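As provided, data.tsv (TSV, C-alpha atoms and all ligand atoms) reads as follows.
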```tsv
chain	number	residue	atom	x	y	z
A	1	MET	CA	167.91	-8.40	93.22
A	2	ILE	CA	166.01	-11.62	93.60
A	3	PRO	CA	163.20	-12.75	91.28
A	4	TYR	CA	159.85	-12.12	92.91
A	5	VAL	CA	156.18	-12.48	91.96
A	6	GLU	CA	152.87	-11.49	93.53
A	7	LEU	CA	149.24	-12.12	92.57
A	8	LEU	CA	147.75	-8.64	92.21
A	9	ALA	CA	144.21	-9.27	91.01
A	10	TYR	CA	141.86	-11.86	89.63
A	11	THR	CA	138.35	-12.27	88.29
A	12	GLN	CA	135.65	-11.55	90.83
A	13	ILE	CA	131.89	-12.14	90.72
A	14	ASN	CA	129.57	-9.15	90.45
A	15	PRO	CA	128.64	-8.50	94.12
A	16	ASP	CA	125.14	-7.40	93.05
A	17	LEU	CA	124.42	-10.68	91.27
A	18	ASP	CA	121.18	-12.49	92.16
A	19	THR	CA	122.73	-15.71	93.47
A	20	THR	CA	119.36	-17.45	93.66
A	21	LYS	CA	119.40	-17.26	89.87
A	22	PHE	CA	123.17	-17.43	89.27
A	23	PRO	CA	124.85	-19.44	92.09
A	24	LEU	CA	128.27	-17.88	91.62
A	25	TYR	CA	130.55	-16.89	94.48
A	26	ASP	CA	134.04	-16.98	92.99
A	27	VAL	CA	135.93	-17.49	89.75
A	28	LEU	CA	135.98	-21.29	90.05
A	29	ASP	CA	132.17	-21.26	90.26
A	30	LEU	CA	132.20	-19.10	87.13
A	31	ILE	CA	134.36	-21.64	85.28
A	32	GLU	CA	132.16	-24.54	86.40
A	33	TYR	CA	129.00	-22.63	85.53
A	34	SER	CA	130.27	-21.66	82.07
A	35	GLY	CA	131.29	-25.23	81.27
A	36	ARG	CA	128.03	-26.67	82.53
A	37	TRP	CA	126.10	-24.57	80.04
A	38	ASP	CA	127.44	-26.95	77.36
A	39	TYR	CA	125.08	-29.55	78.87
A	40	GLY	CA	122.18	-27.19	79.60
A	41	PRO	CA	120.06	-26.37	82.67
A	42	LYS	CA	120.03	-29.96	83.96
A	43	SER	CA	123.78	-29.87	84.44
A	44	LEU	CA	123.52	-26.48	86.17
A	45	THR	CA	121.51	-28.11	88.97
A	46	LYS	CA	124.73	-30.00	89.86
A	47	MET	CA	126.72	-26.81	90.56
A	48	GLY	CA	129.21	-27.13	93.41
A	49	ASN	CA	131.16	-30.09	92.05
A	50	ARG	CA	134.40	-28.40	91.01
A	51	GLY	CA	136.09	-31.71	90.33
A	52	ILE	CA	134.48	-31.42	86.91
A	53	ILE	CA	136.96	-28.65	86.02
A	54	GLN	CA	139.89	-31.08	86.18
A	55	ARG	CA	137.87	-33.66	84.24
A	56	TRP	CA	137.31	-31.14	81.46
A	57	ILE	CA	141.00	-30.21	81.48
A	58	GLY	CA	141.97	-33.88	81.45
A	59	SER	CA	139.88	-34.47	78.35
A	60	GLY	CA	141.45	-31.50	76.56
A	61	GLU	CA	138.57	-29.07	77.07
A	62	GLU	CA	139.97	-25.80	78.40
A	63	SER	CA	137.87	-23.03	76.90
A	64	MET	CA	135.78	-22.61	80.09
A	65	VAL	CA	139.02	-22.01	82.02
A	66	GLU	CA	139.47	-18.83	79.97
A	67	MET	CA	136.70	-17.24	82.08
A	68	GLY	CA	139.26	-16.72	84.87
A	69	HIS	CA	141.87	-13.98	84.58
A	70	ALA	CA	144.80	-13.17	86.86
A	71	VAL	CA	147.23	-10.25	87.00
A	72	ILE	CA	150.71	-10.88	88.39
A	73	PHE	CA	153.49	-8.51	89.47
A	74	ILE	CA	156.89	-9.81	88.35
A	75	GLN	CA	160.37	-8.67	89.32
A	76	CYS	CA	163.02	-10.39	87.23
A	77	SER	CA	166.07	-9.71	85.09
A	78	ARG	CA	165.95	-8.36	81.55
A	79	VAL	CA	166.79	-11.91	80.43
A	80	VAL	CA	163.49	-13.24	81.72
A	81	SER	CA	161.37	-10.18	80.85
A	82	HIS	CA	162.59	-10.53	77.27
A	83	GLU	CA	161.46	-14.16	77.22
A	84	ILE	CA	158.14	-13.78	78.99
A	85	VAL	CA	156.81	-11.07	76.68
A	86	ARG	CA	156.82	-13.65	73.89
A	87	HIS	CA	153.51	-14.92	75.28
A	88	ARG	CA	151.28	-13.02	72.92
A	89	LEU	CA	147.93	-13.70	74.51
A	90	ALA	CA	149.01	-12.03	77.75
A	91	SER	CA	148.95	-8.29	78.52
A	92	PHE	CA	152.01	-6.45	79.78
A	93	GLN	CA	153.03	-3.16	81.28
A	94	GLN	CA	156.65	-2.76	82.31
A	95	GLU	CA	158.98	-0.23	83.84
A	96	SER	CA	160.59	1.86	81.12
A	97	GLN	CA	164.32	2.40	80.97
A	98	ARG	CA	163.48	5.44	78.84
A	99	TYR	CA	161.64	7.21	81.66
A	100	VAL	CA	163.23	5.89	84.86
A	101	ASP	CA	166.57	7.22	86.10
A	102	TYR	CA	168.60	4.41	87.67
A	103	SER	CA	171.64	6.40	88.71
A	104	ALA	CA	170.86	6.11	92.46
A	105	GLU	CA	170.48	2.30	92.32
A	106	ALA	CA	172.59	0.01	94.51
A	107	PRO	CA	174.06	-2.79	92.33
A	108	GLU	CA	172.78	-5.56	94.64
A	109	ASP	CA	169.19	-4.28	94.20
A	110	PHE	CA	169.52	-3.52	90.51
A	111	PHE	CA	171.15	-6.65	89.09
A	112	LEU	CA	170.44	-10.35	89.37
A	113	ASP	CA	173.49	-11.86	91.07
A	114	ILE	CA	174.32	-15.11	89.26
A	115	GLY	CA	176.98	-15.95	91.85
A	116	GLU	CA	179.97	-15.11	89.64
A	117	PRO	CA	182.04	-12.26	91.16
A	118	GLU	CA	183.37	-11.38	87.70
A	119	ALA	CA	179.82	-10.97	86.36
A	120	MET	CA	178.79	-8.67	89.22
A	121	ALA	CA	181.98	-6.61	88.72
A	122	SER	CA	181.01	-6.19	85.07
A	123	ASN	CA	177.48	-5.11	86.09
A	124	VAL	CA	178.87	-2.58	88.57
A	125	ALA	CA	181.16	-1.16	85.87
A	126	ALA	CA	178.16	-0.87	83.52
A	127	LEU	CA	176.16	1.00	86.15
A	128	GLU	CA	179.11	3.34	86.73
A	129	THR	CA	179.23	4.08	83.00
A	130	TYR	CA	175.45	4.65	83.00
A	131	ASN	CA	175.82	7.05	85.95
A	132	ARG	CA	178.64	8.96	84.20
A	133	LEU	CA	176.51	9.33	81.07
A	134	ILE	CA	173.50	10.61	83.06
A	135	ALA	CA	175.73	12.97	85.10
A	136	GLY	CA	177.14	14.24	81.81
A	137	GLY	CA	173.65	15.17	80.64
A	138	GLU	CA	172.92	12.16	78.42
A	139	LYS	CA	169.25	11.15	78.05
A	140	LYS	CA	168.09	8.05	79.94
A	141	GLN	CA	166.96	6.44	76.69
A	142	ILE	CA	170.54	6.65	75.41
A	143	ALA	CA	172.41	5.87	78.66
A	144	ARG	CA	170.38	2.63	78.99
A	145	TYR	CA	172.27	1.03	76.09
A	146	VAL	CA	175.08	0.12	78.50
A	147	LEU	CA	172.82	-1.75	80.95
A	148	PRO	CA	173.33	-5.53	80.94
A	149	ASN	CA	170.91	-8.45	80.70
A	150	ALA	CA	171.11	-8.89	84.49
A	151	THR	CA	169.30	-5.55	85.00
A	152	ARG	CA	166.15	-5.65	87.12
A	153	VAL	CA	162.77	-5.24	85.42
A	154	ARG	CA	159.42	-4.80	87.18
A	155	MET	CA	156.27	-5.53	85.26
A	156	VAL	CA	152.57	-6.26	85.52
A	157	MET	CA	151.35	-9.21	83.43
A	158	GLY	CA	147.76	-10.29	82.94
A	159	ALA	CA	146.38	-13.38	81.24
A	160	ASN	CA	143.43	-15.71	81.37
A	161	PHE	CA	143.84	-18.99	83.23
A	162	ARG	CA	144.16	-21.02	80.04
A	163	GLU	CA	147.08	-18.90	78.89
A	164	TRP	CA	148.68	-19.01	82.35
A	165	ARG	CA	148.42	-22.80	82.21
A	166	HIS	CA	150.12	-22.80	78.81
A	167	ILE	CA	152.87	-20.45	80.01
A	168	LEU	CA	153.49	-22.41	83.21
A	169	LYS	CA	153.80	-25.73	81.39
A	170	LEU	CA	156.48	-24.25	79.12
A	171	ARG	CA	158.30	-22.11	81.67
A	172	MET	CA	158.32	-24.38	84.74
A	173	HIS	CA	160.00	-27.09	82.68
A	174	THR	CA	163.63	-27.86	83.43
A	175	SER	CA	164.55	-26.89	79.86
A	176	ALA	CA	163.56	-23.25	80.56
A	177	GLN	CA	166.02	-20.56	81.70
A	178	PRO	CA	166.78	-21.22	85.40
A	179	GLU	CA	165.57	-17.80	86.55
A	180	MET	CA	162.44	-18.24	84.40
A	181	GLN	CA	161.77	-21.52	86.20
A	182	ILE	CA	161.86	-19.67	89.52
A	183	VAL	CA	159.45	-17.01	88.27
A	184	ALA	CA	157.11	-19.61	86.76
A	185	HIS	CA	157.13	-21.80	89.87
A	186	GLY	CA	156.39	-18.66	91.94
A	187	ILE	CA	153.42	-17.79	89.74
A	188	HIS	CA	152.20	-21.39	89.89
A	189	ASP	CA	152.43	-21.36	93.70
A	190	LYS	CA	150.25	-18.24	93.83
A	191	LEU	CA	147.64	-19.48	91.34
A	192	LEU	CA	147.51	-23.01	92.77
A	193	ALA	CA	146.91	-21.67	96.29
A	194	LYS	CA	143.89	-19.63	95.17
A	195	PHE	CA	142.48	-21.74	92.33
A	196	PRO	CA	143.49	-25.38	92.91
A	197	GLU	CA	140.97	-26.91	90.50
A	198	ALA	CA	142.34	-24.81	87.64
A	199	PHE	CA	146.06	-25.46	88.23
A	200	GLU	CA	146.54	-28.67	90.26
A	201	ASP	CA	147.36	-30.87	87.26
A	202	ILE	CA	150.43	-28.75	86.49
A	203	LYS	CA	153.10	-30.38	88.60
A	204	PRO	CA	156.20	-28.50	89.83
A	205	TYR	CA	159.50	-29.84	88.52
A	206	LEU	CA	161.43	-28.24	91.39
A	207	GLU	CA	160.84	-28.43	95.13
A	208	ALA	CA	160.69	-25.05	96.89
A	209	GLY	CA	164.16	-25.61	98.38
A	210	GLU	CA	165.66	-26.32	94.97
A	211	ARG	CA	164.57	-23.03	93.45
A	212	ALA	CA	167.91	-21.30	93.08
A	213	VAL	CA	168.87	-19.04	90.20
A	214	ARG	CA	171.49	-21.47	88.92
B	1	LIG	C1	162.42	-23.62	76.75
B	1	LIG	C2	162.14	-22.56	75.74
B	1	LIG	C3	163.12	-22.15	74.87
B	1	LIG	C4	162.88	-21.16	73.91
B	1	LIG	N1	163.88	-20.77	73.07
B	1	LIG	C5	163.64	-19.83	72.12
B	1	LIG	C6	164.64	-19.42	71.19
B	1	LIG	O1	165.76	-19.90	71.23
B	1	LIG	N2	164.35	-18.47	70.28
B	1	LIG	C7	163.09	-17.91	70.20
B	1	LIG	O2	162.86	-17.07	69.34
B	1	LIG	N3	162.12	-18.29	71.06
B	1	LIG	C8	162.36	-19.21	72.01
B	1	LIG	N4	161.37	-19.57	72.89
B	1	LIG	C9	160.06	-18.88	72.81
B	1	LIG	C10	159.04	-19.72	72.00
B	1	LIG	O3	159.47	-19.87	70.66
B	1	LIG	C11	157.68	-19.03	72.02
B	1	LIG	O4	157.75	-17.76	71.42
B	1	LIG	C12	157.14	-18.83	73.41
B	1	LIG	O5	157.27	-20.00	74.18
B	1	LIG	C13	155.67	-18.46	73.31
B	1	LIG	O6	154.98	-19.66	72.95
B	1	LIG	P1	153.57	-19.75	72.28
B	1	LIG	O7	153.62	-19.15	70.93
B	1	LIG	O8	153.10	-21.15	72.39
B	1	LIG	O9	152.71	-18.92	73.28
B	1	LIG	P2	151.68	-17.75	73.35
B	1	LIG	O10	152.09	-16.54	72.63
B	1	LIG	O11	151.50	-17.70	74.82
B	1	LIG	O12	150.39	-18.31	72.64
B	1	LIG	C14	149.59	-19.34	73.22
B	1	LIG	C15	149.05	-20.21	72.13
B	1	LIG	O13	148.15	-19.43	71.35
B	1	LIG	C16	148.23	-19.82	69.99
B	1	LIG	N5	148.70	-18.66	69.21
B	1	LIG	C17	149.19	-17.48	69.70
B	1	LIG	N6	149.46	-16.65	68.70
B	1	LIG	C18	149.16	-17.30	67.55
B	1	LIG	C19	149.25	-16.97	66.19
B	1	LIG	N7	149.71	-15.78	65.76
B	1	LIG	N8	148.85	-17.89	65.28
B	1	LIG	C20	148.40	-19.08	65.67
B	1	LIG	N9	148.28	-19.48	66.96
B	1	LIG	C21	148.67	-18.59	67.88
B	1	LIG	C22	149.19	-20.99	69.91
B	1	LIG	O14	148.49	-22.19	70.08
B	1	LIG	C23	150.08	-20.76	71.12
B	1	LIG	O15	150.71	-21.93	71.58
B	1	LIG	C24	161.59	-20.56	73.83
B	1	LIG	C25	160.59	-20.98	74.72
B	1	LIG	C26	160.85	-21.97	75.66
B	1	LIG	C27	159.75	-22.37	76.61
```

Let me see whether you can do it: turn the structure in this file into structure tokens.
Amino acid sequence: MIPYVELLAYTQINPDLDTTKFPLYDVLDLIEYSGRWDYGPKSLTKMGNRGIIQRWIGSGEESMVEMGHAVIFIQCSRVVSHEIVRHRLASFQQESQRYVDYSAEAPEDFFLDIGEPEAMASNVAALETYNRLIAGGEKKQIARYVLPNATRVRMVMGANFREWRHILKLRMHTSAQPEMQIVAHGIHDKLLAKFPEAFEDIKPYLEAGERAVR
């Protein structure tokens, strides 16, 4: 298994909006528009200058960035899922080891390979024990106790842009778990590509080629 992320959804403008009255075409317009209301109608006549979003961020004003929301699919190990759910302002839904039967899984798809043959052998042995328990009639919610931290988790995580910015600053840092850094850099790549003015000040610590699990 390799860590993997995808941008599933993000804030869209009401397609029926009267744009002669509300000149909004995408989420970055919405952020700019919301922030400009601080300064009243005169500022709204200057719509279309998204550079102001980074100026607000640079001066510590981020509440308008909360108007954007993004939902990300994440595939990672149980190590990283355990860490990422600590971000309390985000919303989560994740695959349940209580309901899903993993006995047909191939070890290379089911475990993060940290490059230590001894570790993968231990994971394979754990999966074999899991399979024996399931074959013996044990419930999935009980058999799962033998699964290791390297076990694959798939989840959907949603947060507003301000919270994503907070998460990315913490989790892209070189002090974060190496796999977490990969996940966070992947999320940043996706968000930066779509919403540059909301994420361009958050600088990657790792080049794309350096993003290995260890
Ligand atoms: C490198 C690294 C190492 C870590 N190591 C450990 C560890 O060893 N052990 C451990 O237990 N955790 C560890 N953590 C997790 C860490 O303690 C936080 O739980 C996690 O980063 C979430 O941070 P947060 O509370 O800022 O974020 P979020 O939950 O994303 O909240 C965002 C912000 O909202 C505000 N906020 C949210 N909830 C409240 C609240 N109830 N009251 C007031 N303000 C609130 C705060 O300003 C907060 O910063 C580690 C995190 C990192 C990045």

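The shell of residues at most 9 Å from Gly35 in chain A, with all atoms listed in the file counted and near chain neighbours (fewer than 4 positions) removed, consists of Leu30, Ile31, Tyr39, Ile52, Ile53, Trp56, Ser63, Met64 and Val65 of chain A.
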
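Ranking A:Ala104, A:Met172, A:Met155, A:Ala150 by their shortest atom-to-atom distance to Ser77 in chain A, with all atoms listed in the file included, puts A:Ala150 first.
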
Could you list, as an NGL selection string, every residue within 7 Å of range 79-84 of chain A, counting all atoms listed in the file and ignoring same-chain residues fewer than 3 positions away? :A and (76 or 87 or 149-150 or 153 or 179-180)

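Among the candidate residues A:Pro204, A:Gly40, A:Gly158, A:Pro3, the one lying nearest to ligand LIG 1 (chain B) is A:Gly158, with distances computed using all atoms listed in the file.
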
Around ligand LIG 1 (chain B), out to 9 Å and counting only C-alpha atoms and all ligand atoms, which residues are there? I want them as a compact mmCIF listing (two decimals) with C-alpha atoms, in the coordinates of the input.
```
# COMPACT_ATOMS: atom_id res chain seq x y z
CA GLU A 83 161.46 -14.16 77.22
CA ILE A 84 158.14 -13.78 78.99
CA VAL A 85 156.81 -11.07 76.68
CA ARG A 86 156.82 -13.65 73.89
CA HIS A 87 153.51 -14.92 75.28
CA ARG A 88 151.28 -13.02 72.92
CA LEU A 89 147.93 -13.70 74.51
CA ALA A 90 149.01 -12.03 77.75
CA ARG A 162 144.16 -21.02 80.04
CA GLU A 163 147.08 -18.90 78.89
CA TRP A 164 148.68 -19.01 82.35
CA HIS A 166 150.12 -22.80 78.81
CA ILE A 167 152.87 -20.45 80.01
CA LYS A 169 153.80 -25.73 81.39
CA LEU A 170 156.48 -24.25 79.12
CA ARG A 171 158.30 -22.11 81.67
CA MET A 172 158.32 -24.38 84.74
CA HIS A 173 160.00 -27.09 82.68
CA THR A 174 163.63 -27.86 83.43
CA SER A 175 164.55 -26.89 79.86
CA ALA A 176 163.56 -23.25 80.56
CA GLN A 177 166.02 -20.56 81.70
```

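The coordinates place CA of Ile74 in chain A at 6.3 Å from CA of Val156 in chain A.
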
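Between CA of Val183 in chain A and CA of Glu61 in chain A the separation is 26.6 Å.
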
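Nearest-residue note for Ser91 in chain A: choosing from A:Leu147, A:Val124, A:Met1, A:Met157, the minimum distance belongs to A:Met157, counting only C-alpha atoms.
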
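Nearest residue to Arg132 in chain A among A:Val146, A:Glu62, A:Leu8, A:Gly68 is A:Val146, counting only C-alpha atoms.
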
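Note that the spacing between CA of Phe195 in chain A and CA of Thr45 in chain A amounts to 22.2 Å.
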
Distance query 10 Å from (153.0, -28.6, 89.4) using only C-alpha atoms, result as a PyMOL selection string: chain A and resi 168-169+172-173+185+188-189+192+199-207

Show me the residues close to (136.4, -13.3, 81.6) - anything with an atom within 8 Å, counting only C-alpha atoms - and format the list as a list in words. Thr11, Glu66, Met67, Gly68, His69 and Asn160 of chain A

Please produce a file of those selected residues containing C-alpha atoms, as a PDB file, in the coordinates of the input.
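Result saved to again00.pdb:
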```pdb
ATOM      1  CA  THR A  11     138.350 -12.270  88.290  1.00  0.00           C
ATOM      2  CA  GLU A  66     139.470 -18.830  79.970  1.00  0.00           C
ATOM      3  CA  MET A  67     136.700 -17.240  82.080  1.00  0.00           C
ATOM      4  CA  GLY A  68     139.260 -16.720  84.870  1.00  0.00           C
ATOM      5  CA  HIS A  69     141.870 -13.980  84.580  1.00  0.00           C
ATOM      6  CA  ASN A 160     143.430 -15.710  81.370  1.00  0.00           C
TER       7      ASN A 160
END
```

Polymer residues at most 7 Å from Ile13 in chain A, all atoms listed in the file, same-chain spacing of 5 or more positions, as a list in words: Leu24, Tyr25, Asp26 and Val27 of chain A

Counting only C-alpha atoms, what is within 8 Å of Arg50 in chain A, bar same-chain residues fewer than 6 positions away, as number ranges by chain? A: 28-29, 32, 197

Hey, can I get the axis-aligned box for range 82-86 of chain A? All listed atoms, 4 Å padding on each side, centre and edge lengths in Å to one decimal, as JSON.
```
{"center_x": 159.7, "center_y": -12.3, "center_z": 76.4, "size_x": 13.8, "size_y": 11.6, "size_z": 13.1}
```

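Counting all atoms listed in the file and comparing A:Phe110, A:Phe92, A:Phe73, A:Phe22, the residue that lies closest to Glu6 in chain A is A:Phe73.
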
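Comparing the minimum interatomic distances between Ile182 in chain A and each of A:Lys139, A:Gly115, A:Gly60, A:Ala208, counting all atoms listed in the file, we find that A:Ala208 sits nearest.
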